[in-house]
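Structure file target.cif with mmCIF, C-alpha atoms:
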```
data_data
loop_
_atom_site.label_atom_id
_atom_site.label_comp_id
_atom_site.auth_asym_id
_atom_site.auth_seq_id
_atom_site.Cartn_x
_atom_site.Cartn_y
_atom_site.Cartn_z
CA MET V 115 9.88 49.29 -1.75
CA ARG V 116 10.54 45.60 -1.88
CA GLN V 117 12.89 44.54 -4.69
CA GLY V 118 11.66 42.18 -7.37
CA PRO V 119 13.69 39.03 -8.13
CA ALA V 120 15.42 40.49 -11.18
CA ILE V 121 16.54 43.66 -9.36
CA ALA V 122 17.58 41.78 -6.25
CA ILE V 123 19.70 39.24 -8.12
CA ALA V 124 21.27 41.85 -10.37
CA ALA V 125 22.12 43.98 -7.33
CA LEU V 126 23.68 41.04 -5.55
CA LEU V 127 25.81 40.12 -8.54
CA ALA V 128 26.97 43.71 -8.88
CA ALA V 129 27.82 43.90 -5.19
CA THR V 130 29.83 40.70 -5.19
CA GLY V 131 31.52 41.33 -8.51
CA ALA V 132 30.34 37.93 -9.66
CA GLY V 133 30.84 37.10 -13.30
CA ALA V 134 28.93 34.82 -15.60
CA ALA V 135 28.84 31.20 -14.50
CA GLU V 136 28.04 27.97 -16.33
CA LEU V 137 25.64 25.91 -14.25
CA SER V 138 23.85 22.60 -14.57
CA ILE V 139 20.63 21.36 -12.98
CA VAL V 140 18.97 17.96 -13.02
CA SER V 141 15.29 17.50 -13.75
CA GLY V 142 12.84 14.65 -14.01
CA ALA V 143 10.98 14.11 -17.26
CA ILE V 144 7.33 13.91 -16.17
CA GLY V 145 4.69 15.97 -17.91
CA ARG V 146 5.81 19.48 -18.86
CA ASP V 147 8.64 19.62 -16.30
CA ILE V 148 11.46 20.17 -18.77
CA GLU V 149 9.64 22.73 -20.91
CA THR V 150 8.59 24.87 -17.94
CA LEU V 151 11.99 24.63 -16.29
CA ARG V 152 13.65 25.76 -19.50
CA ASP V 153 11.40 28.81 -19.70
CA ASN V 154 12.29 29.79 -16.14
CA LEU V 155 15.98 29.21 -16.81
CA ASP V 156 15.84 31.42 -19.88
CA ARG V 157 14.57 34.24 -17.67
CA PHE V 158 17.29 33.59 -15.11
CA GLU V 159 19.98 33.62 -17.80
CA GLU V 160 18.69 36.89 -19.25
CA MET V 161 18.68 38.50 -15.81
CA THR V 162 22.07 37.30 -14.64
CA GLY V 163 24.23 36.48 -17.64
CA HIS V 164 24.74 32.95 -16.30
CA THR V 165 24.01 29.93 -18.49
CA VAL V 166 22.24 26.83 -17.20
CA SER V 167 22.02 23.41 -18.84
CA ILE V 168 19.48 20.74 -17.93
CA VAL V 169 20.54 17.16 -17.28
CA GLU V 170 17.47 15.00 -17.79
CA MET V 171 16.86 12.15 -15.37
CA PRO V 172 14.74 8.99 -15.62
CA SER V 173 11.14 9.32 -14.47
CA SER V 174 11.62 6.75 -11.69
CA THR V 175 12.61 8.47 -8.45
CA THR V 176 14.35 5.28 -7.35
CA ASP V 177 16.61 5.44 -10.41
CA GLN V 178 17.19 9.15 -9.86
CA PHE V 179 18.33 8.63 -6.29
CA ALA V 180 20.74 5.87 -7.31
CA GLN V 181 22.31 8.16 -9.90
CA TYR V 182 22.59 11.02 -7.42
CA ARG V 183 24.43 8.82 -4.94
CA LEU V 184 26.89 7.74 -7.60
CA TRP V 185 27.70 11.32 -8.57
CA LEU V 186 27.83 12.69 -5.06
CA SER V 187 29.80 9.82 -3.55
CA ALA V 188 32.41 10.37 -6.25
CA GLY V 189 32.58 14.09 -5.41
CA ALA V 190 31.61 14.93 -8.98
CA GLY V 191 31.13 18.63 -9.66
CA ASP V 192 29.31 18.19 -12.96
CA ILE V 193 25.93 18.92 -11.37
CA ASP V 194 25.48 22.20 -9.49
CA VAL V 195 21.81 22.03 -8.50
CA TYR V 196 19.98 18.83 -7.61
CA ARG V 197 16.21 18.37 -7.57
CA THR V 198 15.58 16.28 -4.46
CA ASP V 199 12.61 14.34 -3.17
CA ILE V 200 11.26 15.46 0.18
CA VAL V 201 12.47 12.23 1.84
CA TRP V 202 16.09 12.41 0.67
CA ALA V 203 17.39 15.19 2.92
CA PRO V 204 18.87 13.00 5.70
CA GLN V 205 20.56 10.70 3.18
CA LEU V 206 22.18 13.36 0.99
CA ALA V 207 22.86 16.11 3.54
CA ASP V 208 26.61 15.44 3.82
CA HIS V 209 27.02 16.23 0.12
CA LEU V 210 24.92 19.41 0.01
CA LEU V 211 25.64 23.02 0.95
CA ASP V 212 23.92 24.94 3.71
CA LEU V 213 21.96 27.61 1.85
CA GLY V 214 22.97 30.22 4.42
CA GLU V 215 21.23 33.37 5.54
CA LYS V 216 19.75 34.11 2.11
CA GLY V 217 18.18 30.68 2.11
CA ARG V 218 16.85 31.01 5.64
CA GLU V 219 15.32 34.40 4.83
CA ALA V 220 13.60 32.96 1.75
CA ALA V 221 12.44 29.94 3.78
CA LYS V 222 10.11 32.15 5.83
CA GLU V 223 7.77 32.40 2.85
CA HIS V 224 7.28 28.62 2.43
CA PHE V 225 5.22 26.07 4.36
CA PRO V 226 7.13 25.52 7.64
CA SER V 227 6.64 21.75 7.57
CA ILE V 228 8.56 21.49 4.28
CA ILE V 229 11.37 23.71 5.53
CA GLU V 230 11.64 21.53 8.61
CA SER V 231 11.95 18.43 6.45
CA GLN V 232 14.85 20.03 4.53
CA THR V 233 16.77 21.08 7.65
CA VAL V 234 19.30 18.53 8.86
CA ASP V 235 21.31 19.13 12.04
CA GLY V 236 20.48 22.82 11.82
CA ARG V 237 21.57 23.12 8.18
CA LEU V 238 19.05 24.23 5.56
CA ILE V 239 20.13 22.07 2.62
CA ALA V 240 17.26 22.69 0.19
CA LEU V 241 14.42 25.07 -0.60
CA PRO V 242 11.00 23.86 -1.78
CA PHE V 243 10.49 23.68 -5.54
CA TYR V 244 6.88 22.47 -5.46
CA ALA V 245 4.67 20.49 -3.12
CA ASP V 246 2.93 17.23 -3.88
CA ALA V 247 0.02 15.30 -2.45
CA PRO V 248 -2.01 12.81 -4.48
CA ALA V 249 -5.73 12.72 -5.03
CA LEU V 250 -8.39 10.48 -6.53
CA TYR V 251 -9.12 11.40 -10.15
CA TYR V 252 -12.61 10.40 -11.27
CA ARG V 253 -14.67 10.60 -14.44
CA THR V 254 -17.53 12.99 -13.77
CA ASP V 255 -19.38 11.96 -16.93
CA LEU V 256 -19.28 8.26 -16.09
CA LEU V 257 -20.37 8.74 -12.49
CA GLU V 258 -23.34 10.71 -13.77
CA GLU V 259 -24.14 8.14 -16.46
CA TYR V 260 -24.15 5.26 -14.00
CA GLY V 261 -25.85 7.20 -11.20
CA LEU V 262 -22.91 6.96 -8.81
CA SER V 263 -21.47 9.28 -6.17
CA VAL V 264 -17.82 10.13 -5.62
CA PRO V 265 -16.54 7.24 -3.46
CA GLU V 266 -15.44 8.19 0.03
CA THR V 267 -14.32 4.70 1.06
CA TRP V 268 -12.22 2.06 -0.66
CA ALA V 269 -15.18 -0.32 -0.58
CA ALA V 270 -17.29 2.27 -2.41
CA LEU V 271 -14.48 2.78 -4.91
CA GLU V 272 -14.35 -0.94 -5.66
CA GLU V 273 -18.10 -1.08 -6.20
CA ALA V 274 -18.17 2.01 -8.43
CA ALA V 275 -15.11 0.91 -10.41
CA ARG V 276 -16.61 -2.53 -11.02
CA THR V 277 -19.98 -1.09 -12.09
CA ILE V 278 -18.45 1.32 -14.59
CA GLN V 279 -15.93 -1.22 -15.90
CA GLU V 280 -18.64 -3.80 -16.54
CA GLY V 281 -20.84 -1.20 -18.21
CA GLU V 282 -18.12 0.14 -20.50
CA ARG V 283 -16.96 -3.33 -21.51
CA ALA V 284 -20.53 -4.25 -22.32
CA LYS V 285 -20.41 -1.39 -24.82
CA GLY V 286 -17.39 -3.02 -26.45
CA VAL V 287 -14.59 -1.08 -24.74
CA ASN V 288 -12.78 -4.26 -23.75
CA ASP V 289 -9.64 -2.52 -22.49
CA PHE V 290 -11.50 -0.26 -20.06
CA HIS V 291 -10.48 -0.52 -16.39
CA GLY V 292 -12.05 0.60 -13.15
CA PHE V 293 -8.99 1.89 -11.31
CA VAL V 294 -5.34 2.54 -12.13
CA PHE V 295 -2.56 3.41 -9.69
CA GLN V 296 1.18 2.98 -9.23
CA GLY V 297 1.82 -0.72 -8.66
CA ALA V 298 5.41 -1.19 -9.83
CA ALA V 299 8.08 -2.12 -7.29
CA TYR V 300 9.57 1.33 -6.64
CA GLU V 301 9.14 4.37 -4.37
CA GLY V 302 5.76 5.18 -5.89
CA LEU V 303 4.33 1.94 -4.52
CA THR V 304 5.55 2.90 -1.05
CA CYS V 305 3.48 6.08 -1.41
CA ASP V 306 0.35 4.29 -2.64
CA ALA V 307 0.57 1.53 -0.07
CA LEU V 308 1.23 3.93 2.82
CA GLU V 309 -2.07 5.60 1.92
CA TRP V 310 -3.94 2.30 2.01
CA VAL V 311 -2.38 1.38 5.34
CA ALA V 312 -2.79 4.77 7.02
CA SER V 313 -6.40 5.08 5.85
CA HIS V 314 -7.14 1.76 7.57
CA GLY V 315 -5.50 2.87 10.82
CA GLY V 316 -2.45 0.70 10.23
CA GLY V 317 0.16 3.32 11.13
CA GLY V 318 3.11 4.69 9.22
CA ILE V 319 5.47 1.68 8.69
CA VAL V 320 7.94 3.11 11.24
CA GLU V 321 6.61 5.61 13.75
CA ALA V 322 8.17 8.92 14.79
CA ASP V 323 9.84 7.33 17.83
CA GLY V 324 11.46 4.61 15.71
CA THR V 325 8.94 1.87 16.53
CA ILE V 326 8.43 -0.60 13.68
CA SER V 327 4.64 -0.71 13.42
CA ILE V 328 3.82 -2.18 10.02
CA ASN V 329 3.04 -5.76 11.11
CA ASN V 330 -0.54 -5.29 12.28
CA PRO V 331 -3.98 -6.55 11.21
CA GLU V 332 -5.15 -3.19 9.84
CA ALA V 333 -2.12 -2.87 7.57
CA ALA V 334 -2.54 -6.46 6.38
CA ALA V 335 -6.21 -5.89 5.61
CA ALA V 336 -5.37 -2.77 3.59
CA ILE V 337 -2.78 -4.51 1.43
CA ASP V 338 -4.89 -7.63 0.93
CA MET V 339 -7.68 -5.31 -0.19
CA ALA V 340 -5.42 -3.84 -2.88
CA ALA V 341 -4.30 -7.30 -3.96
CA GLY V 342 -7.94 -8.06 -4.69
CA TRP V 343 -8.00 -5.29 -7.30
CA ILE V 344 -5.42 -6.94 -9.53
CA GLY V 345 -7.12 -8.56 -12.49
CA THR V 346 -10.54 -7.34 -11.34
CA ILE V 347 -10.95 -3.56 -11.30
CA SER V 348 -7.27 -2.98 -12.17
CA PRO V 349 -5.31 -4.53 -15.03
CA GLU V 350 -2.65 -7.09 -14.20
CA GLY V 351 -0.25 -4.74 -15.95
CA VAL V 352 -0.69 -2.24 -13.10
CA LEU V 353 2.01 -4.25 -11.32
CA GLY V 354 4.42 -2.47 -13.67
CA TYR V 355 2.76 0.96 -13.70
CA LYS V 356 4.47 4.11 -12.50
CA GLU V 357 2.93 7.57 -12.68
CA GLU V 358 3.15 7.99 -16.42
CA GLU V 359 1.80 4.52 -17.26
CA SER V 360 -1.21 5.19 -15.03
CA ARG V 361 -1.74 8.58 -16.62
CA GLY V 362 -1.47 7.09 -20.09
CA VAL V 363 -4.38 4.74 -19.46
CA TRP V 364 -6.42 7.43 -17.73
CA GLN V 365 -5.82 10.20 -20.26
CA THR V 366 -6.84 8.03 -23.19
CA GLY V 367 -10.20 7.54 -21.49
CA LYS V 368 -9.66 3.91 -20.50
CA ALA V 369 -10.16 4.15 -16.71
CA ALA V 370 -12.88 5.36 -14.37
CA PHE V 371 -10.60 6.25 -11.45
CA MET V 372 -6.91 7.02 -11.02
CA ARG V 373 -4.64 7.77 -8.10
CA ASN V 374 -2.02 10.31 -9.12
CA TRP V 375 -0.22 13.55 -8.29
CA PRO V 376 -1.29 17.11 -9.24
CA TYR V 377 0.80 17.27 -12.43
CA ALA V 378 -1.68 14.93 -14.14
CA TYR V 379 -4.49 17.46 -13.79
CA ALA V 380 -3.16 20.04 -16.25
CA LEU V 381 -2.20 17.33 -18.72
CA GLY V 382 -5.65 15.76 -18.46
CA GLN V 383 -7.13 19.10 -19.44
CA GLY V 384 -4.93 19.39 -22.52
CA ASP V 385 -6.41 19.58 -26.00
CA ASP V 386 -5.05 16.12 -26.82
CA SER V 387 -6.71 14.50 -23.80
CA ALA V 388 -9.70 12.20 -24.20
CA VAL V 389 -10.88 13.16 -20.70
CA LYS V 390 -10.70 16.94 -21.05
CA ASP V 391 -13.56 18.53 -19.07
CA LYS V 392 -14.78 15.07 -18.06
CA PHE V 393 -13.03 14.61 -14.71
CA ALA V 394 -12.45 16.08 -11.27
CA VAL V 395 -10.45 15.19 -8.17
CA ALA V 396 -11.32 14.32 -4.59
CA PRO V 397 -9.47 13.19 -1.46
CA LEU V 398 -8.38 9.57 -1.59
CA PRO V 399 -10.88 7.14 -0.05
CA SER V 400 -10.87 6.08 3.59
CA GLY V 401 -10.42 2.59 4.89
CA GLY V 402 -12.20 3.56 8.10
CA ALA V 403 -9.59 5.86 9.60
CA GLY V 404 -9.93 8.80 7.23
CA SER V 405 -8.37 9.81 3.94
CA ALA V 406 -4.58 9.65 3.73
CA ALA V 407 -2.39 11.24 1.05
CA THR V 408 1.36 10.72 1.08
CA LEU V 409 3.29 13.95 1.48
CA GLY V 410 5.44 14.43 -1.57
CA GLY V 411 7.22 17.31 -3.14
CA TRP V 412 10.51 18.36 -4.66
CA ASN V 413 13.22 20.68 -3.49
CA LEU V 414 16.35 22.28 -4.89
CA ALA V 415 19.77 21.80 -3.32
CA VAL V 416 23.32 22.84 -4.19
CA SER V 417 26.11 20.28 -4.41
CA LYS V 418 29.04 21.06 -2.15
CA TYR V 419 31.24 19.97 -5.06
CA SER V 420 29.92 22.77 -7.30
CA ASP V 421 32.57 25.09 -8.77
CA GLU V 422 30.03 27.94 -8.73
CA PRO V 423 28.31 27.69 -5.33
CA GLU V 424 27.17 31.32 -5.08
CA ALA V 425 25.65 31.36 -8.55
CA ALA V 426 24.03 27.97 -7.86
CA ILE V 427 22.44 29.31 -4.67
CA GLU V 428 21.06 32.27 -6.62
CA LEU V 429 19.57 29.83 -9.12
CA VAL V 430 17.87 27.96 -6.29
CA LEU V 431 16.51 31.20 -4.84
CA PHE V 432 15.15 32.19 -8.24
CA LEU V 433 13.52 28.86 -9.10
CA THR V 434 11.85 28.65 -5.68
CA GLY V 435 10.72 32.27 -5.86
CA VAL V 436 7.22 33.61 -6.42
CA GLU V 437 7.38 34.13 -10.18
CA ALA V 438 8.91 30.75 -10.99
CA GLN V 439 6.51 28.87 -8.71
CA LYS V 440 3.58 30.75 -10.18
CA LEU V 441 4.55 29.74 -13.72
CA ARG V 442 4.77 26.08 -12.68
CA ALA V 443 1.39 26.32 -10.93
CA VAL V 444 -0.34 27.93 -13.91
CA ARG V 445 1.20 25.74 -16.57
CA ASN V 446 1.80 22.40 -14.81
CA SER V 447 -0.73 22.50 -11.93
CA SER V 448 2.28 22.07 -9.62
CA LEU V 449 1.34 22.85 -6.02
CA PRO V 450 3.13 25.95 -4.71
CA THR V 451 5.04 25.76 -1.45
CA ARG V 452 4.25 29.41 -0.77
CA PRO V 453 0.86 29.73 1.00
CA ALA V 454 0.24 33.13 -0.61
CA LEU V 455 0.02 31.59 -4.10
CA TYR V 456 -3.01 29.52 -3.13
CA ASP V 457 -4.93 32.80 -2.92
CA ASP V 458 -3.48 34.24 -6.14
CA PRO V 459 -6.39 35.01 -8.53
CA GLU V 460 -4.31 34.26 -11.65
CA VAL V 461 -3.35 30.83 -10.31
CA ALA V 462 -6.96 30.09 -9.39
CA ALA V 463 -8.19 31.23 -12.82
CA ALA V 464 -5.69 29.04 -14.70
CA GLN V 465 -5.90 26.03 -12.38
CA PRO V 466 -9.09 26.23 -10.28
CA ILE V 467 -8.19 22.96 -8.62
CA ILE V 468 -5.09 24.33 -6.86
CA PRO V 469 -6.92 26.22 -4.09
CA GLU V 470 -8.95 23.07 -3.44
CA TRP V 471 -5.79 20.98 -3.21
CA LYS V 472 -4.54 22.98 -0.24
CA GLU V 473 -6.72 20.95 2.14
CA ILE V 474 -5.44 17.67 0.68
CA PHE V 475 -1.87 18.86 1.09
CA LEU V 476 -2.32 20.09 4.67
CA ASN V 477 -3.70 16.66 5.67
CA ALA V 478 -0.91 14.67 4.01
CA VAL V 479 1.00 11.97 5.87
CA PRO V 480 4.82 11.79 5.77
CA ARG V 481 6.86 8.79 4.79
CA PRO V 482 9.11 7.56 7.65
CA SER V 483 12.29 9.26 6.44
CA ALA V 484 12.75 11.31 9.63
CA PRO V 485 12.87 8.36 12.09
CA THR V 486 14.82 6.02 9.78
CA LYS V 487 17.27 8.72 8.64
CA GLY V 488 19.97 7.36 6.34
CA ASP V 489 18.28 3.95 6.23
CA TYR V 490 15.07 5.27 4.68
CA ASN V 491 15.67 4.02 1.15
CA GLU V 492 16.36 0.49 2.37
CA VAL V 493 13.28 0.63 4.60
CA SER V 494 11.15 1.81 1.69
CA LYS V 495 12.51 -0.88 -0.62
CA GLU V 496 11.77 -3.61 1.91
CA PHE V 497 8.24 -2.23 2.24
CA TRP V 498 7.48 -1.94 -1.45
CA ASP V 499 8.93 -5.41 -2.07
CA ALA V 500 6.60 -6.90 0.57
CA VAL V 501 3.62 -5.05 -0.86
CA HIS V 502 4.47 -5.95 -4.44
CA ALA V 503 4.81 -9.61 -3.49
CA THR V 504 1.32 -9.50 -1.98
CA LEU V 505 -0.17 -7.75 -5.00
CA SER V 506 1.48 -10.33 -7.25
CA GLY V 507 -0.04 -13.24 -5.34
CA ASP V 508 3.21 -14.33 -3.70
CA GLY V 509 1.83 -14.88 -0.21
CA ASP V 510 -0.76 -12.89 1.69
CA ALA V 511 -0.13 -9.65 3.54
CA LYS V 512 -0.02 -11.28 6.99
CA ARG V 513 2.91 -13.48 5.95
CA ASN V 514 4.71 -10.78 4.00
CA LEU V 515 4.38 -8.14 6.69
CA ALA V 516 5.73 -10.53 9.32
CA ARG V 517 8.76 -11.10 7.10
CA LEU V 518 9.04 -7.35 6.54
CA GLU V 519 9.04 -6.70 10.28
CA ALA V 520 11.87 -9.18 10.76
CA ARG V 521 13.92 -7.53 8.00
CA LEU V 522 13.35 -4.05 9.43
CA LYS V 523 14.41 -5.19 12.89
CA ARG V 524 17.70 -6.43 11.43
CA LEU V 525 18.10 -3.16 9.54
CA LYS V 526 17.18 -0.88 12.42
CA GLY V 527 20.00 1.48 13.28
CA PRO V 528 20.82 3.12 16.60
CA GLY V 529 19.63 6.51 15.38
CA TRP V 530 16.03 5.34 14.87
CA ASP V 531 14.97 6.22 18.40
#
```
Let me see whether you can do it: turn the structure in this file into structure tokens.
Amino acid sequence: MRQGPAIAIAALLAATGAGAAELSIVSGAIGRDIETLRDNLDRFEEMTGHTVSIVEMPSSTTDQFAQYRLWLSAGAGDIDVYRTDIVWAPQLADHLLDLGEKGREAAKEHFPSIIESQTVDGRLIALPFYADAPALYYRTDLLEEYGLSVPETWAALEEAARTIQEGERAKGVNDFHGFVFQGAAYEGLTCDALEWVASHGGGGIVEADGTISINNPEAAAAIDMAAGWIGTISPEGVLGYKEEESRGVWQTGKAAFMRNWPYAYALGQGDDSAVKDKFAVAPLPSGGAGSAATLGGWNLAVSKYSDEPEAAIELVLFLTGVEAQKLRAVRNSSLPTRPALYDDPEVAAAQPIIPEWKEIFLNAVPRPSAPTKGDYNEVSKEFWDAVHATLSGDGDAKRNLARLEARLKRLKGPGWD
């Protein structure tokens, strides 16, 4: 008989003679992340006798990464388990432990593409916590009221967003907007803009072989298109929106469409939500080359400076296990990284959208972290700065992408190809 997580961990601790450890883990503060993590940690503590404290991080992934680098570069052992973005593996690998045979055995039950992304030079440095791929959120009641279909292209989205916005404002809802997304100058804008570019056939910024591809007419057309939304179907304030600002507008019923990650679904269905039972999700629109959704997701890694590496690895194994992932899926609508959970009847009953999201996730496009390796964050910053400048009216996309190409050529390292 296969052992359950509690029996397996207890048996391992007994076999190794391990005592109680005091651990710490970092977590973002979006949605119900902290609450659900704490519930899982309480179960882990009860099972093992260890204690785990949560160190809350800012919601911006850019700010999180900067803090991680400070701690890890200093060799600080204050944090045992780090929650890492899917694109950070090559940049942080030198500071993280190989999860060993136990990690590799557990990895067999996750999507192979995610495991591959967390393997650097043959070392498995993280296990998947949850997957992420964005979708288009839309108001089902408003589409029905205005006789509109779910938009499958960006042009159709613009038309539908404008129609609904004009109609709602005519009713006196002057702060109603057609479309909200993540337009602030940070990693989230890289994700949004990559989707616009890829859906127009403009490539992936830097291709798998290291070729810098972003300076092309299709990419420019995609970004100029988005610039046209500012002050029309999207508020000018969207230039400062991250995920939570977008969700705030959407969940109060003040937008027809929103681009966001799965976590916003469960929150939108909460009792305090003005859009409860009034929305659904669909693949993001196409610019002519198909829908594109940026591959996201979070993983758990152990600092090589941890004083309790074995206990920290057990914590990672537990939090990436079936029961912990199932709780996050049911409560937070977090996408599991274990294919089996997409067919779990309890997950489907609690969050019917999760089985449907599997197709969106399997068709997701990666950010260019693999080809750019340790330079990825600088590449992403240069990209989001160029996009943000265009959205802000500081030059058109053709000019800004030409400048971006020049900057990336100067940045390009020998390991890119």
Selection dump of the PyMOL selection byres ((chain V and resi 522-526) around 8), as a ChimeraX atom specification: /V:326,486,489,493,496,518-521,527-528,530
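Using all atoms listed in the file, the smallest distance between any of V:Ala270, V:Ala403, V:Leu429, V:Ala503 and V:Gly317 comes from V:Ala403.
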message: Need the shell around stretch 298-309 of chain V: protein/DNA/RNA residues with any atom at most 8 Å away, counting only C-alpha atoms. Skip same-chain ones fewer than 4 positions apart. Format as a VMD selection string?
response: chain V and resid 174 to 176 313 318 to 319 337 352 to 357 405 to 408 481 494 to 495 497 to 499 501 to 502
For the residues in that selection, give me C-alpha atoms as a tab-separated table (two decimals), in the coordinates of the input.
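File produced: again.tsv:
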```
chain	number	residue	atom	x	y	z
V	174	SER	CA	11.62	6.75	-11.69
V	175	THR	CA	12.61	8.47	-8.45
V	176	THR	CA	14.35	5.28	-7.35
V	313	SER	CA	-6.40	5.08	5.85
V	318	GLY	CA	3.11	4.69	9.22
V	319	ILE	CA	5.47	1.68	8.69
V	337	ILE	CA	-2.78	-4.51	1.43
V	352	VAL	CA	-0.69	-2.24	-13.10
V	353	LEU	CA	2.01	-4.25	-11.32
V	354	GLY	CA	4.42	-2.47	-13.67
V	355	TYR	CA	2.76	0.96	-13.70
V	356	LYS	CA	4.47	4.11	-12.50
V	357	GLU	CA	2.93	7.57	-12.68
V	405	SER	CA	-8.37	9.81	3.94
V	406	ALA	CA	-4.58	9.65	3.73
V	407	ALA	CA	-2.39	11.24	1.05
V	408	THR	CA	1.36	10.72	1.08
V	481	ARG	CA	6.86	8.79	4.79
V	494	SER	CA	11.15	1.81	1.69
V	495	LYS	CA	12.51	-0.88	-0.62
V	497	PHE	CA	8.24	-2.23	2.24
V	498	TRP	CA	7.48	-1.94	-1.45
V	499	ASP	CA	8.93	-5.41	-2.07
V	501	VAL	CA	3.62	-5.05	-0.86
V	502	HIS	CA	4.47	-5.95	-4.44
```
Write out as lines of an AutoDock Vina configuration file an axis-aligned box for stretch 323-335 of chain V: all of its atoms listed in the file, 5 Å added on each side, centre and edge lengths in Å with one decimal.
```
center_x = 2.6
center_y = 0.4
center_z = 11.7
size_x = 27.7
size_y = 23.9
size_z = 22.2
```
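The coordinates place atom CA of V:Asn154 at 22.0 Å from atom CA of V:Phe225.
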Start from the incomplete input, build N, CA and C atoms for stretch 160-173 of chain V, and deliver everything as a short mmCIF file (atom, residue, chain, number, x, y, z; two decimals), in the frame of the given file.
```
data_model
loop_
_atom_site.label_atom_id
_atom_site.label_comp_id
_atom_site.auth_asym_id
_atom_site.auth_seq_id
_atom_site.Cartn_x
_atom_site.Cartn_y
_atom_site.Cartn_z
N GLU V 160 18.80 35.52 -18.74
CA GLU V 160 18.69 36.89 -19.25
C GLU V 160 18.97 37.91 -18.14
N MET V 161 18.52 37.59 -16.94
CA MET V 161 18.68 38.50 -15.81
C MET V 161 20.11 38.54 -15.28
N THR V 162 20.79 37.42 -15.32
CA THR V 162 22.07 37.30 -14.64
C THR V 162 23.28 37.18 -15.54
N GLY V 163 23.09 36.73 -16.76
CA GLY V 163 24.23 36.48 -17.64
C GLY V 163 24.80 35.08 -17.47
N HIS V 164 24.31 34.34 -16.47
CA HIS V 164 24.74 32.95 -16.30
C HIS V 164 24.09 32.09 -17.39
N THR V 165 24.63 30.91 -17.61
CA THR V 165 24.01 29.93 -18.49
C THR V 165 23.75 28.66 -17.68
N VAL V 166 22.62 28.01 -17.96
CA VAL V 166 22.24 26.83 -17.20
C VAL V 166 21.82 25.73 -18.17
N SER V 167 22.41 24.57 -18.04
CA SER V 167 22.02 23.41 -18.84
C SER V 167 21.23 22.44 -17.98
N ILE V 168 20.31 21.72 -18.62
CA ILE V 168 19.48 20.74 -17.93
C ILE V 168 19.99 19.34 -18.21
N VAL V 169 20.17 18.58 -17.16
CA VAL V 169 20.54 17.16 -17.28
C VAL V 169 19.29 16.35 -16.97
N GLU V 170 18.71 15.74 -17.99
CA GLU V 170 17.47 15.00 -17.79
C GLU V 170 17.71 13.68 -17.06
N MET V 171 16.78 13.36 -16.18
CA MET V 171 16.86 12.15 -15.37
C MET V 171 15.72 11.20 -15.73
N PRO V 172 15.85 9.92 -15.39
CA PRO V 172 14.74 8.99 -15.62
C PRO V 172 13.53 9.38 -14.79
N SER V 173 12.36 8.94 -15.19
CA SER V 173 11.14 9.32 -14.47
C SER V 173 11.05 8.63 -13.11
#
```
